[in-house]
There are 2 protein chains.
Amino acid sequence: MRVIVALGGNAVLKRGQQPDADVQIANVRTAVKTLARLAREHELVITHGNGPQVGLLALESAADPNLTRPYPFDTLGAQTQGMIGYWMQQALQNALPGRQVLAMVTQTLVTAVDPAFENPAKFVGQVYEREEAEKLAADYGWTVNQDGRYWRRVVPSPAPRRIVETRLIRRLVGEGVVVVCAGGGGIPVVRDERGRLTGVEAVVDKDLTAAILAEALECDAYLSLTDVPRVMRDFGTPRQSEIGHTTPHELRALDFPAGSMGPKVEAACRFVETTGDMAAIGKLDEAERILDGSAGTIVTPNGRWPLTSTL
Amino acid sequence: MRVIVALGGNAVLKRGQQPDADVQIANVRTAVKTLARLAREHELVITHGNGPQVGLLALESAADPNLTRPYPFDTLGAQTQGMIGYWMQQALQNALPGRQVLAMVTQTLVTAVDPAFENPAKFVGQVYEREEAEKLAADYGWTVNQDGRYWRRVVPSPAPRRIVETRLIRRLVGEGVVVVCAGGGGIPVVRDERGRLTGVEAVVDKDLTAAILAEALECDAYLSLTDVPRVMRDFGTPRQSEIGHTTPHELRALDFPAGSMGPKVEAACRFVETTGDMAAIGKLDEAERILDGSAGTIVTPNGRWPLTSTL
């Protein structure tokens, strides 16, 4: 099978951990134990988040006295693709001797007419008091918004249209290369008025990017792997229950938190609706059990998996 | 022909310029005008420096209150490969519609027994007063050394042995992909006692890395492109004169400054001695005239170029 894995942020940096390089490298080496087993059985494409890492580099850049303006989010995203990509590439090379592994710089095309640019809604970076936030907004041209008791910067989160490097990714995966790409949802770019690709100040949702990449690569399975074993129905209420095998239709009738499980469910539904193939949400270290149908929340057109059992 | 270009640092950031992203992106777009013309005629591999960029990110990291320890140089180098690689990849894609372009995360294997690890000699980052430098050395395990009136951190600069991703680079270049790789001399790695690749605190000379990559890829020409038109004999003296066509033997009889022209001349000599092919040092915007023999300092086994004219 051709499998795409969208790694949750905790695979690289767990909540509460120091963001030191050695901590993150140790996490990556652990995650790669599972990924390497998948790569021995399947064509494998790996995407990953970059939330904490890009937030940290954005703060460093904003505090850098050598810069007139902090680096924009396309450049910061590219820094994290190099850094996390390097950690993953090296760990995968160590785990898969004789196999080619490549972390790619990957751009995600969005459009300048996306309504998200009129309504920046994705919180990024640290929290500020209102006055400080408004000063930063004036100094740097940021948009800021209230997030609970504090204020934070917001950036647009436009819909991903296409991974610019799709053709090259498809070729490499087809040749057996383990590809790490589209980190952090991909570096957001638009075509400018002269038709040129150019970076924009935005953050693309990494789950949606992974789903459209999975569609373009005609993956057989889209796995969104985090630290929760299954999607929960009525999460946080006395009635909460795990969802095992399901369909996009059933999932779309439920409500999920916008910031966390929502985009994962949306991405999984979208992939299954578009391709008729299988998507799943579950724990990273249960990836093989998810593929054989005995773990995770598994989404297929008719709620059955493996698909062959429906004959 | 298969051509490798080692870009001097000024192609991305010129001395005295602000290191803002938009400034560097504009420089890259200018450099790419020449590179795109080369890519239309030849198989092209592009390497580049990262001195100012990695220095800046190292400073940001050292000042980051969220980190227990600043990011080590392998991780910082990977950040710059992502950032500069993205700028180049995008500019090349814009200049070469229909052509595949890829910026690769690239590791350079060095060995732990390299004498450079006993004698760190490569100055990196900013200057400090002696007392401050010694405190930083104690706090972070740095080695520091006197650089003129001030003190600076020094890191080992071991000899590059091999680009870990050589096989993949060769395959992609052979398929017509324009490859950007080995940025900043490559991310320095060693094989640890368990045989695993692991990053080290070092900086590999980018010209030497480019030369061993050119040898491994069996490039026909190795072009070291900067902002000086030719190598000078007796530079800075009343007798100074430009060197046009020459041989490794002639060049090795001369002295060049260790920090600037020395490594470029060494890399060019090494490539020509090993392969019998052509190396050149000259101005980026004269690259095509260098290849036809009418500009630059051209190094061949017998001092003639094009080589076919010797028949």
# chains A, B, ... in the order shown; residues from 1 in each chain; ligands from 1

call {"tool": "interface_residues", "arguments": {"of": "chain B", "to": "chain A", "cutoff": "6 Å", "atoms": "only C-alpha atoms", "output": "MDAnalysis selection string"}}
result
chainID B and resid 20:21 60 67 71 75 78:79 81:83 94 103:105 196

call {"tool": "residues_around", "arguments": {"residues": "Leu217 of chain B", "least_positions_apart": "3", "cutoff": "9 Å", "atoms": "only C-alpha atoms", "output": "list of chain:residue names"}}
result
B:Arg2, B:Thr166, B:Arg167, B:Ile169, B:Arg170, B:Val173, B:Ile212, B:Leu213, B:Ala214

call {"tool": "atom_distance", "arguments": {"atom1": "atom CA of Ile243 of chain B", "atom2": "atom CA of Arg230 of chain B"}}
result
6.3 Å

call {"tool": "select_by_dssp", "arguments": {"residues": "segment 115-288 of chain A", "states": "helix (DSSP H, G or I)", "output": "ChimeraX atom specification"}}
result
/A:115-117,130-140,166-174,183-185,206-216,248-252,261-275,284-288

call {"tool": "residues_around", "arguments": {"residues": "segment 270-278 of chain A", "least_positions_apart": "4", "cutoff": "10 Å", "atoms": "only C-alpha atoms", "output": "PyMOL selection string"}}
result
chain A and resi 3+208+210-216+218-223+247-249+264-266+291+298-307

call {"tool": "select_by_dssp", "arguments": {"residues": "segment 15-245 of chain A", "states": "strand (DSSP E)", "output": "PyMOL selection string"}}
result
chain A and resi 43-48+101-103+107-109+122-128+143-147+150-155+162-163+178-180+187-191+197-199+221-226+232-233+241-242+245

call {"tool": "write_last_selection", "arguments": {"atoms": "C-alpha atoms", "output": "tab-separated table (two decimals), in the first residue's frame"}}
result
chain	number	residue	atom	x	y	z
A	43	GLU	CA	5.44	3.09	0.42
A	44	LEU	CA	5.54	5.81	3.07
A	45	VAL	CA	5.10	9.58	3.09
A	46	ILE	CA	5.43	11.39	6.43
A	47	THR	CA	4.09	14.85	7.25
A	48	HIS	CA	4.40	16.56	10.61
A	101	VAL	CA	15.15	8.85	2.88
A	102	LEU	CA	14.54	12.49	1.99
A	103	ALA	CA	13.19	15.49	3.85
A	107	GLN	CA	5.41	24.75	-0.47
A	108	THR	CA	1.62	24.76	-0.20
A	109	LEU	CA	-0.22	26.88	-2.71
A	122	LYS	CA	-5.25	31.30	13.66
A	123	PHE	CA	-3.54	32.23	16.95
A	124	VAL	CA	0.25	32.03	16.81
A	125	GLY	CA	3.01	32.72	19.32
A	126	GLN	CA	2.82	33.93	22.89
A	127	VAL	CA	0.14	35.87	24.75
A	128	TYR	CA	0.39	39.61	25.53
A	143	THR	CA	-3.27	41.59	13.38
A	144	VAL	CA	-3.97	40.79	17.04
A	145	ASN	CA	-7.06	39.40	18.71
A	146	GLN	CA	-8.35	38.50	22.14
A	147	ASP	CA	-7.62	34.92	23.26
A	150	TYR	CA	-4.91	37.86	26.91
A	151	TRP	CA	-4.20	39.05	23.39
A	152	ARG	CA	-2.29	37.20	20.70
A	153	ARG	CA	-1.22	37.59	17.14
A	154	VAL	CA	-3.52	36.01	14.57
A	155	VAL	CA	-2.59	35.02	11.02
A	162	ARG	CA	-1.99	22.10	-3.94
A	163	ILE	CA	1.48	21.03	-2.84
A	178	VAL	CA	10.74	7.44	2.27
A	179	VAL	CA	9.67	11.08	1.94
A	180	VAL	CA	9.27	13.57	4.79
A	187	ILE	CA	5.31	26.80	3.40
A	188	PRO	CA	2.34	29.00	2.41
A	189	VAL	CA	2.71	30.59	-1.04
A	190	VAL	CA	0.48	32.36	-3.54
A	191	ARG	CA	0.96	33.19	-7.20
A	197	LEU	CA	5.24	31.91	-6.43
A	198	THR	CA	5.78	34.13	-3.40
A	199	GLY	CA	5.53	33.46	0.34
A	221	ALA	CA	-4.46	5.00	3.52
A	222	TYR	CA	-4.27	8.33	5.34
A	223	LEU	CA	-3.21	7.90	8.98
A	224	SER	CA	-3.46	10.81	11.42
A	225	LEU	CA	-1.34	9.58	14.32
A	226	THR	CA	-1.31	11.30	17.72
A	232	MET	CA	-14.50	10.17	21.12
A	233	ARG	CA	-18.21	10.73	20.68
A	241	SER	CA	-17.62	6.76	23.98
A	242	GLU	CA	-14.93	5.65	21.54
A	245	HIS	CA	-15.15	1.83	12.47

call {"tool": "atom_distance", "arguments": {"atom1": "atom CA of His42 of chain A", "atom2": "atom CA of Cys181 of chain A"}}
result
16.8 Å

call {"tool": "atom_distance", "arguments": {"atom1": "atom CA of Gly176 of chain B", "atom2": "atom CA of Arg40 of chain B"}}
result
10.0 Å

call {"tool": "residues_around", "arguments": {"residues": "Gln24 of chain B", "least_positions_apart": "6", "cutoff": "10 Å", "atoms": "only C-alpha atoms", "output": "JSON, numbers by chain"}}
result
{"B": [10, 11, 12, 13, 14, 17, 18, 30, 84, 87]}

call {"tool": "decode", "arguments": {"residues": "segment 133-149 of chain A", "atoms": "all heavy atoms", "output": "PDB file, in the first residue's frame"}}
result
ATOM      1  N   ALA A 133       0.138  44.138  22.895  1.00  0.00           N
ATOM      2  CA  ALA A 133      -0.271  43.524  21.633  1.00  0.00           C
ATOM      3  C   ALA A 133      -0.568  44.595  20.595  1.00  0.00           C
ATOM      4  O   ALA A 133      -0.190  44.466  19.413  1.00  0.00           O
ATOM      5  CB  ALA A 133      -1.499  42.631  21.859  1.00  0.00           C
ATOM      6  N   GLU A 134      -1.202  45.683  21.028  1.00  0.00           N
ATOM      7  CA  GLU A 134      -1.568  46.737  20.076  1.00  0.00           C
ATOM      8  C   GLU A 134      -0.330  47.490  19.592  1.00  0.00           C
ATOM      9  O   GLU A 134      -0.258  47.921  18.441  1.00  0.00           O
ATOM     10  CB  GLU A 134      -2.603  47.674  20.704  1.00  0.00           C
ATOM     11  CG  GLU A 134      -3.972  46.977  20.754  1.00  0.00           C
ATOM     12  CD  GLU A 134      -5.054  47.777  21.462  1.00  0.00           C
ATOM     13  OE1 GLU A 134      -4.716  48.788  22.125  1.00  0.00           O
ATOM     14  OE2 GLU A 134      -6.233  47.378  21.351  1.00  0.00           O
ATOM     15  N   LYS A 135       0.663  47.616  20.471  1.00  0.00           N
ATOM     16  CA  LYS A 135       1.913  48.248  20.061  1.00  0.00           C
ATOM     17  C   LYS A 135       2.632  47.369  19.008  1.00  0.00           C
ATOM     18  O   LYS A 135       3.127  47.862  17.995  1.00  0.00           O
ATOM     19  CB  LYS A 135       2.818  48.462  21.284  1.00  0.00           C
ATOM     20  CG  LYS A 135       4.135  49.147  20.928  1.00  0.00           C
ATOM     21  CD  LYS A 135       4.963  49.500  22.143  1.00  0.00           C
ATOM     22  CE  LYS A 135       6.240  50.255  21.776  1.00  0.00           C
ATOM     23  NZ  LYS A 135       6.840  49.887  20.510  1.00  0.00           N
ATOM     24  N   LEU A 136       2.661  46.070  19.275  1.00  0.00           N
ATOM     25  CA  LEU A 136       3.294  45.154  18.315  1.00  0.00           C
ATOM     26  C   LEU A 136       2.557  45.179  16.976  1.00  0.00           C
ATOM     27  O   LEU A 136       3.181  45.146  15.909  1.00  0.00           O
ATOM     28  CB  LEU A 136       3.304  43.723  18.884  1.00  0.00           C
ATOM     29  CG  LEU A 136       4.299  43.502  20.032  1.00  0.00           C
ATOM     30  CD1 LEU A 136       3.966  42.215  20.789  1.00  0.00           C
ATOM     31  CD2 LEU A 136       5.721  43.448  19.494  1.00  0.00           C
ATOM     32  N   ALA A 137       1.236  45.255  17.052  1.00  0.00           N
ATOM     33  CA  ALA A 137       0.439  45.309  15.828  1.00  0.00           C
ATOM     34  C   ALA A 137       0.808  46.542  15.011  1.00  0.00           C
ATOM     35  O   ALA A 137       0.971  46.478  13.782  1.00  0.00           O
ATOM     36  CB  ALA A 137      -1.046  45.313  16.173  1.00  0.00           C
ATOM     37  N   ALA A 138       0.979  47.678  15.716  1.00  0.00           N
ATOM     38  CA  ALA A 138       1.335  48.920  15.025  1.00  0.00           C
ATOM     39  C   ALA A 138       2.759  48.846  14.469  1.00  0.00           C
ATOM     40  O   ALA A 138       3.015  49.251  13.340  1.00  0.00           O
ATOM     41  CB  ALA A 138       1.197  50.099  15.990  1.00  0.00           C
ATOM     42  N   ASP A 139       3.688  48.291  15.284  1.00  0.00           N
ATOM     43  CA  ASP A 139       5.096  48.250  14.880  1.00  0.00           C
ATOM     44  C   ASP A 139       5.340  47.325  13.698  1.00  0.00           C
ATOM     45  O   ASP A 139       6.146  47.620  12.811  1.00  0.00           O
ATOM     46  CB  ASP A 139       5.975  47.778  16.054  1.00  0.00           C
ATOM     47  CG  ASP A 139       6.145  48.854  17.115  1.00  0.00           C
ATOM     48  OD1 ASP A 139       5.653  49.990  16.885  1.00  0.00           O
ATOM     49  OD2 ASP A 139       6.749  48.566  18.167  1.00  0.00           O
ATOM     50  N   TYR A 140       4.698  46.175  13.723  1.00  0.00           N
ATOM     51  CA  TYR A 140       5.038  45.122  12.761  1.00  0.00           C
ATOM     52  C   TYR A 140       3.929  44.834  11.749  1.00  0.00           C
ATOM     53  O   TYR A 140       4.072  43.923  10.932  1.00  0.00           O
ATOM     54  CB  TYR A 140       5.379  43.820  13.502  1.00  0.00           C
ATOM     55  CG  TYR A 140       6.640  43.888  14.320  1.00  0.00           C
ATOM     56  CD1 TYR A 140       6.649  43.506  15.661  1.00  0.00           C
ATOM     57  CD2 TYR A 140       7.845  44.324  13.752  1.00  0.00           C
ATOM     58  CE1 TYR A 140       7.816  43.558  16.414  1.00  0.00           C
ATOM     59  CE2 TYR A 140       9.016  44.376  14.493  1.00  0.00           C
ATOM     60  CZ  TYR A 140       8.990  43.999  15.828  1.00  0.00           C
ATOM     61  OH  TYR A 140      10.134  44.051  16.571  1.00  0.00           O
ATOM     62  N   GLY A 141       2.822  45.563  11.827  1.00  0.00           N
ATOM     63  CA  GLY A 141       1.723  45.284  10.910  1.00  0.00           C
ATOM     64  C   GLY A 141       0.972  43.989  11.221  1.00  0.00           C
ATOM     65  O   GLY A 141       0.317  43.423  10.356  1.00  0.00           O
ATOM     66  N   TRP A 142       1.112  43.512  12.468  1.00  0.00           N
ATOM     67  CA  TRP A 142       0.393  42.301  12.858  1.00  0.00           C
ATOM     68  C   TRP A 142      -1.103  42.594  13.006  1.00  0.00           C
ATOM     69  O   TRP A 142      -1.512  43.730  13.250  1.00  0.00           O
ATOM     70  CB  TRP A 142       0.867  41.797  14.231  1.00  0.00           C
ATOM     71  CG  TRP A 142       2.247  41.262  14.296  1.00  0.00           C
ATOM     72  CD1 TRP A 142       3.142  41.169  13.273  1.00  0.00           C
ATOM     73  CD2 TRP A 142       2.895  40.744  15.469  1.00  0.00           C
ATOM     74  NE1 TRP A 142       4.319  40.619  13.734  1.00  0.00           N
ATOM     75  CE2 TRP A 142       4.195  40.352  15.080  1.00  0.00           C
ATOM     76  CE3 TRP A 142       2.515  40.577  16.800  1.00  0.00           C
ATOM     77  CZ2 TRP A 142       5.112  39.791  15.976  1.00  0.00           C
ATOM     78  CZ3 TRP A 142       3.421  40.024  17.685  1.00  0.00           C
ATOM     79  CH2 TRP A 142       4.711  39.637  17.269  1.00  0.00           C
ATOM     80  N   THR A 143      -1.914  41.550  12.882  1.00  0.00           N
ATOM     81  CA  THR A 143      -3.274  41.591  13.381  1.00  0.00           C
ATOM     82  C   THR A 143      -3.288  40.855  14.714  1.00  0.00           C
ATOM     83  O   THR A 143      -2.666  39.792  14.834  1.00  0.00           O
ATOM     84  CB  THR A 143      -4.243  40.894  12.396  1.00  0.00           C
ATOM     85  OG1 THR A 143      -4.073  41.474  11.113  1.00  0.00           O
ATOM     86  CG2 THR A 143      -5.689  41.044  12.853  1.00  0.00           C
ATOM     87  N   VAL A 144      -3.920  41.451  15.722  1.00  0.00           N
ATOM     88  CA  VAL A 144      -3.974  40.792  17.036  1.00  0.00           C
ATOM     89  C   VAL A 144      -5.434  40.643  17.442  1.00  0.00           C
ATOM     90  O   VAL A 144      -6.306  41.373  16.962  1.00  0.00           O
ATOM     91  CB  VAL A 144      -3.205  41.597  18.119  1.00  0.00           C
ATOM     92  CG1 VAL A 144      -1.717  41.628  17.791  1.00  0.00           C
ATOM     93  CG2 VAL A 144      -3.760  43.003  18.262  1.00  0.00           C
ATOM     94  N   ASN A 145      -5.687  39.679  18.305  1.00  0.00           N
ATOM     95  CA  ASN A 145      -7.060  39.403  18.714  1.00  0.00           C
ATOM     96  C   ASN A 145      -7.076  38.852  20.136  1.00  0.00           C
ATOM     97  O   ASN A 145      -6.061  38.349  20.618  1.00  0.00           O
ATOM     98  CB  ASN A 145      -7.675  38.375  17.757  1.00  0.00           C
ATOM     99  CG  ASN A 145      -9.105  38.751  17.420  1.00  0.00           C
ATOM    100  OD1 ASN A 145      -9.798  39.348  18.232  1.00  0.00           O
ATOM    101  ND2 ASN A 145      -9.508  38.402  16.206  1.00  0.00           N
ATOM    102  N   GLN A 146      -8.236  38.948  20.770  1.00  0.00           N
ATOM    103  CA  GLN A 146      -8.350  38.496  22.145  1.00  0.00           C
ATOM    104  C   GLN A 146      -8.421  36.970  22.182  1.00  0.00           C
ATOM    105  O   GLN A 146      -9.144  36.345  21.419  1.00  0.00           O
ATOM    106  CB  GLN A 146      -9.615  39.097  22.780  1.00  0.00           C
ATOM    107  CG  GLN A 146      -9.603  38.998  24.292  1.00  0.00           C
ATOM    108  CD  GLN A 146     -10.559  39.991  24.934  1.00  0.00           C
ATOM    109  OE1 GLN A 146     -11.321  40.665  24.244  1.00  0.00           O
ATOM    110  NE2 GLN A 146     -10.518  40.077  26.249  1.00  0.00           N
ATOM    111  N   ASP A 147      -7.617  36.378  23.074  1.00  0.00           N
ATOM    112  CA  ASP A 147      -7.623  34.920  23.258  1.00  0.00           C
ATOM    113  C   ASP A 147      -7.794  34.692  24.759  1.00  0.00           C
ATOM    114  O   ASP A 147      -6.825  34.673  25.506  1.00  0.00           O
ATOM    115  CB  ASP A 147      -6.314  34.315  22.741  1.00  0.00           C
ATOM    116  CG  ASP A 147      -6.327  32.787  22.787  1.00  0.00           C
ATOM    117  OD1 ASP A 147      -7.405  32.196  22.950  1.00  0.00           O
ATOM    118  OD2 ASP A 147      -5.241  32.183  22.652  1.00  0.00           O
ATOM    119  N   GLY A 148      -9.073  34.540  25.176  1.00  0.00           N
ATOM    120  CA  GLY A 148      -9.341  34.450  26.612  1.00  0.00           C
ATOM    121  C   GLY A 148      -9.039  35.786  27.268  1.00  0.00           C
ATOM    122  O   GLY A 148      -9.457  36.836  26.785  1.00  0.00           O
ATOM    123  N   ARG A 149      -8.250  35.746  28.343  1.00  0.00           N
ATOM    124  CA  ARG A 149      -7.967  36.966  29.079  1.00  0.00           C
ATOM    125  C   ARG A 149      -6.875  37.808  28.403  1.00  0.00           C
ATOM    126  O   ARG A 149      -6.758  39.004  28.623  1.00  0.00           O
ATOM    127  CB  ARG A 149      -7.568  36.549  30.504  1.00  0.00           C
ATOM    128  CG  ARG A 149      -6.491  37.357  31.182  1.00  0.00           C
ATOM    129  CD  ARG A 149      -6.519  37.248  32.691  1.00  0.00           C
ATOM    130  NE  ARG A 149      -5.272  37.705  33.274  1.00  0.00           N
ATOM    131  CZ  ARG A 149      -4.700  38.888  33.043  1.00  0.00           C
ATOM    132  NH1 ARG A 149      -5.264  39.759  32.226  1.00  0.00           N
ATOM    133  NH2 ARG A 149      -3.544  39.197  33.610  1.00  0.00           N
TER     134      ARG A 149
END
